[in-house]
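Below: target-v4.pdb (PDB, C-alpha atoms)
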```pdb
MODEL        1
ATOM      1  CA  MET A 114     108.360  68.636  71.418  1.00  0.00           C
ATOM      2  CA  HIS A 115     109.628  71.840  69.864  1.00  0.00           C
ATOM      3  CA  PRO A 116     111.412  74.131  72.367  1.00  0.00           C
ATOM      4  CA  LEU A 117     109.099  77.064  71.563  1.00  0.00           C
ATOM      5  CA  VAL A 118     106.052  74.934  72.291  1.00  0.00           C
ATOM      6  CA  ARG A 119     107.519  73.744  75.576  1.00  0.00           C
ATOM      7  CA  ASP A 120     108.287  77.352  76.552  1.00  0.00           C
ATOM      8  CA  LEU A 121     104.740  78.339  75.626  1.00  0.00           C
ATOM      9  CA  TYR A 122     103.321  75.633  77.885  1.00  0.00           C
ATOM     10  CA  LYS A 123     105.548  76.745  80.767  1.00  0.00           C
ATOM     11  CA  ARG A 124     104.357  80.316  80.347  1.00  0.00           C
ATOM     12  CA  ALA A 125     100.738  79.193  80.305  1.00  0.00           C
ATOM     13  CA  VAL A 126     101.162  77.218  83.518  1.00  0.00           C
ATOM     14  CA  THR A 127     102.949  80.122  85.197  1.00  0.00           C
ATOM     15  CA  VAL A 128     100.214  82.564  84.224  1.00  0.00           C
ATOM     16  CA  GLY A 129      97.501  80.024  84.993  1.00  0.00           C
ATOM     17  CA  LYS A 130      98.282  79.960  88.703  1.00  0.00           C
ATOM     18  CA  ASP A 131      96.050  83.022  89.165  1.00  0.00           C
ATOM     19  CA  TYR A 132      93.446  82.077  86.559  1.00  0.00           C
ATOM     20  CA  PRO A 133      89.906  82.637  87.900  1.00  0.00           C
ATOM     21  CA  HIS A 134      88.326  79.218  87.437  1.00  0.00           C
ATOM     22  CA  PRO A 135      86.961  76.878  90.101  1.00  0.00           C
ATOM     23  CA  LYS A 136      89.516  74.201  89.162  1.00  0.00           C
ATOM     24  CA  GLY A 137      92.298  76.787  88.934  1.00  0.00           C
ATOM     25  CA  LEU A 138      95.657  75.522  87.733  1.00  0.00           C
ATOM     26  CA  ASP A 139      94.343  72.028  86.959  1.00  0.00           C
ATOM     27  CA  TYR A 140      91.893  73.511  84.462  1.00  0.00           C
ATOM     28  CA  VAL A 141      94.648  75.508  82.765  1.00  0.00           C
ATOM     29  CA  ARG A 142      96.937  72.466  82.534  1.00  0.00           C
ATOM     30  CA  GLU A 143      94.226  70.241  81.063  1.00  0.00           C
ATOM     31  CA  THR A 144      93.116  72.851  78.555  1.00  0.00           C
ATOM     32  CA  TRP A 145      96.611  73.721  77.359  1.00  0.00           C
ATOM     33  CA  LYS A 146      97.705  70.103  77.083  1.00  0.00           C
ATOM     34  CA  ARG A 147      94.624  69.329  75.037  1.00  0.00           C
ATOM     35  CA  ALA A 148      95.214  72.386  72.825  1.00  0.00           C
ATOM     36  CA  LEU A 149      98.903  71.600  72.248  1.00  0.00           C
ATOM     37  CA  ARG A 150      98.223  67.986  71.336  1.00  0.00           C
ATOM     38  CA  ASP A 151      95.314  68.760  69.042  1.00  0.00           C
ATOM     39  CA  ASN A 152      96.229  68.855  65.343  1.00  0.00           C
ATOM     40  CA  LYS A 153      93.627  71.456  64.440  1.00  0.00           C
ATOM     41  CA  ASN A 154      95.844  74.142  66.008  1.00  0.00           C
ATOM     42  CA  PHE A 155      98.698  73.260  63.689  1.00  0.00           C
ATOM     43  CA  ASP A 156      98.080  72.801  59.981  1.00  0.00           C
ATOM     44  CA  SER A 157     100.373  69.938  59.048  1.00  0.00           C
ATOM     45  CA  THR A 158      99.297  70.065  55.391  1.00  0.00           C
ATOM     46  CA  LYS A 159     100.974  73.446  55.003  1.00  0.00           C
ATOM     47  CA  ALA A 160     104.014  72.397  56.987  1.00  0.00           C
ATOM     48  CA  SER A 161     105.164  69.159  55.528  1.00  0.00           C
ATOM     49  CA  THR A 162     108.130  67.433  57.099  1.00  0.00           C
ATOM     50  CA  TRP A 163     110.151  67.518  53.884  1.00  0.00           C
ATOM     51  CA  ASP A 164     110.348  71.332  54.042  1.00  0.00           C
ATOM     52  CA  PRO A 165     111.904  72.273  57.396  1.00  0.00           C
ATOM     53  CA  LEU A 166     111.674  76.034  56.767  1.00  0.00           C
ATOM     54  CA  ARG A 167     107.963  75.896  56.163  1.00  0.00           C
ATOM     55  CA  TYR A 168     107.488  73.588  59.159  1.00  0.00           C
ATOM     56  CA  ASP A 169     109.369  76.026  61.401  1.00  0.00           C
ATOM     57  CA  LYS A 170     107.318  78.923  60.014  1.00  0.00           C
ATOM     58  CA  GLU A 171     104.046  77.142  60.833  1.00  0.00           C
ATOM     59  CA  ILE A 172     105.301  76.271  64.325  1.00  0.00           C
ATOM     60  CA  ARG A 173     106.143  79.926  64.938  1.00  0.00           C
ATOM     61  CA  LYS A 174     102.712  81.049  63.707  1.00  0.00           C
ATOM     62  CA  ALA A 175     101.018  78.577  66.045  1.00  0.00           C
ATOM     63  CA  VAL A 176     103.212  79.692  68.947  1.00  0.00           C
ATOM     64  CA  GLY A 177     102.287  83.308  68.158  1.00  0.00           C
ATOM     65  CA  ARG A 178      98.603  82.427  68.482  1.00  0.00           C
ATOM     66  CA  GLY A 179      99.400  80.711  71.778  1.00  0.00           C
ATOM     67  CA  ARG A 180     101.196  83.782  73.080  1.00  0.00           C
ATOM     68  CA  TYR A 181      98.157  85.841  72.161  1.00  0.00           C
ATOM     69  CA  ALA A 182      96.019  83.441  74.216  1.00  0.00           C
ATOM     70  CA  ILE A 183      98.375  83.891  77.162  1.00  0.00           C
ATOM     71  CA  ARG A 184      98.063  87.676  76.888  1.00  0.00           C
ATOM     72  CA  GLU A 185      94.285  87.226  76.948  1.00  0.00           C
ATOM     73  CA  MET A 186      94.620  85.088  80.089  1.00  0.00           C
ATOM     74  CA  ILE A 187      96.683  87.839  81.705  1.00  0.00           C
ATOM     75  CA  GLY A 188      93.947  90.328  80.809  1.00  0.00           C
ATOM     76  CA  VAL A 189      91.296  88.149  82.450  1.00  0.00           C
ATOM     77  CA  ILE A 190      93.420  87.800  85.579  1.00  0.00           C
ATOM     78  CA  GLN A 191      94.040  91.552  85.775  1.00  0.00           C
ATOM     79  CA  LEU A 192      90.327  92.220  85.337  1.00  0.00           C
ATOM     80  CA  LYS A 193      89.555  89.802  88.177  1.00  0.00           C
ATOM     81  CA  LYS A 194      92.058  91.539  90.437  1.00  0.00           C
ATOM     82  CA  TYR A 195      90.763  94.990  89.460  1.00  0.00           C
ATOM     83  CA  ARG A 196      87.185  93.998  90.228  1.00  0.00           C
ATOM     84  CA  ALA A 197      88.222  92.552  93.581  1.00  0.00           C
ATOM     85  CA  MET A 198      90.047  95.771  94.497  1.00  0.00           C
ATOM     86  CA  LYS A 199      87.135  97.909  93.342  1.00  0.00           C
ATOM     87  CA  LYS A 200      84.716  95.770  95.356  1.00  0.00           C
ATOM     88  CA  ARG A 201      86.973  95.934  98.387  1.00  0.00           C
ATOM     89  CA  TYR A 202      87.653  99.670  98.330  1.00  0.00           C
ATOM     90  CA  GLY A 203      84.806 100.859  96.104  1.00  0.00           C
ATOM     91  CA  VAL A 204      84.030 104.120  94.439  1.00  0.00           C
ATOM     92  CA  GLY A 205      82.832 105.771  97.667  1.00  0.00           C
ATOM     93  CA  HIS A 206      86.303 105.832  99.177  1.00  0.00           C
ATOM     94  CA  ASP A 207      87.735 109.189  98.190  1.00  0.00           C
ATOM     95  CA  THR A 208      91.368 109.233  99.263  1.00  0.00           C
ATOM     96  CA  SER A 209      92.412 112.624  97.939  1.00  0.00           C
ATOM     97  CA  VAL A 210      94.656 114.728 100.156  1.00  0.00           C
ATOM     98  CA  ASP A 211      92.005 117.384 100.800  1.00  0.00           C
ATOM     99  CA  THR A 212      89.397 114.841 101.846  1.00  0.00           C
ATOM    100  CA  GLU A 213      91.793 113.055 104.175  1.00  0.00           C
ATOM    101  CA  THR A 214      92.936 116.368 105.697  1.00  0.00           C
ATOM    102  CA  LYS A 215      89.353 117.405 106.400  1.00  0.00           C
ATOM    103  CA  ARG A 216      88.572 113.999 107.909  1.00  0.00           C
ATOM    104  CA  ILE A 217      91.600 114.190 110.228  1.00  0.00           C
ATOM    105  CA  GLU A 218      90.781 117.774 111.279  1.00  0.00           C
ATOM    106  CA  LYS A 219      87.173 116.796 112.039  1.00  0.00           C
ATOM    107  CA  THR A 220      88.337 113.855 114.144  1.00  0.00           C
ATOM    108  CA  CYS A 221      90.812 116.031 116.037  1.00  0.00           C
ATOM    109  CA  GLN A 222      88.138 118.674 116.702  1.00  0.00           C
ATOM    110  CA  SER A 223      85.723 116.076 118.025  1.00  0.00           C
ATOM    111  CA  LEU A 224      88.412 114.738 120.337  1.00  0.00           C
ATOM    112  CA  MET A 225      89.305 118.234 121.574  1.00  0.00           C
ATOM    113  CA  SER A 226      85.711 119.354 122.157  1.00  0.00           C
ATOM    114  CA  PRO A 227      84.871 120.296 125.790  1.00  0.00           C
ATOM    115  CA  THR A 228      82.433 117.402 126.145  1.00  0.00           C
ATOM    116  CA  ASN A 229      85.198 114.873 125.569  1.00  0.00           C
ATOM    117  CA  ARG A 230      87.743 116.494 127.892  1.00  0.00           C
ATOM    118  CA  ASP A 231      86.109 115.420 131.111  1.00  0.00           C
ATOM    119  CA  GLY A 232      85.715 111.860 129.859  1.00  0.00           C
ATOM    120  CA  THR A 233      81.990 111.862 129.101  1.00  0.00           C
TER
ENDMDL
END
```

Starting from the file, give its structure as structure tokens.
Amino acid sequence: MHPLVRDLYKRAVTVGKDYPHPKGLDYVRETWKRALRDNKNFDSTKASTWDPLRYDKEIRKAVGRGRYAIREMIGVIQLKKYRAMKKRYGVGHDTSVDTETKRIEKTCQSLMSPTNRDGT
């Protein structure tokens, strides 16, 4: 196996640990192994073995497409994390300084009101 292809697979597995799929990392491993072994992703007619420069050029083009796929995976993972954060904290949570200051002042005033001083 070409060193660039091996490095590409390692990157895919590293990124795939957070991939949002029910099978998780197993799905990523199976898919990438299948893709790397499949000849349709590498045009061997253009890269014949008798011309090592052309072969190396085709390998690098295929690895470039693989790196693009990894960047797409990273985008999907970041979108998943963003949506989880947005769901968790939502749009309704305004955490600006003014809003927080007003909230704290209101809480302090309610604690200092005469009805709360005697414990009722």

Exercise. Given the file above and the PyMOL selection byres ((chain A and resi 116-122) around 8), which residues are selected, and can you give them as a PyMOL selection string?
Worked result: chain A and resi 114-115+123-126+145-146+149+173+176+179-180

Exercise. So how far away is CA of Ile190 (chain A) from CA of Pro133 (chain A), in Å?
Worked result: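 Between CA of Pro133 (chain A) and CA of Ile190 (chain A) the gap works out to 6.7 Å.
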
Problem set entry | CA of Tyr168 (chain A) to CA of Ile187 (chain A), distance in Å rounded to a single decimal |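 CA of Ile187 (chain A) lies at a distance of 28.8 Å from CA of Tyr168 (chain A).
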
Problem set entry | Between CA of Lys219 (chain A) and CA of Gly203 (chain A), distance in Å (one decimal) | 22.7 Å

Seminar exercise, completed: Nearest to Asp169 (chain A), restricted to all atoms listed in the file and choosing among A:His134, A:Phe155, A:Tyr195, A:Ser226, comes out as A:Phe155
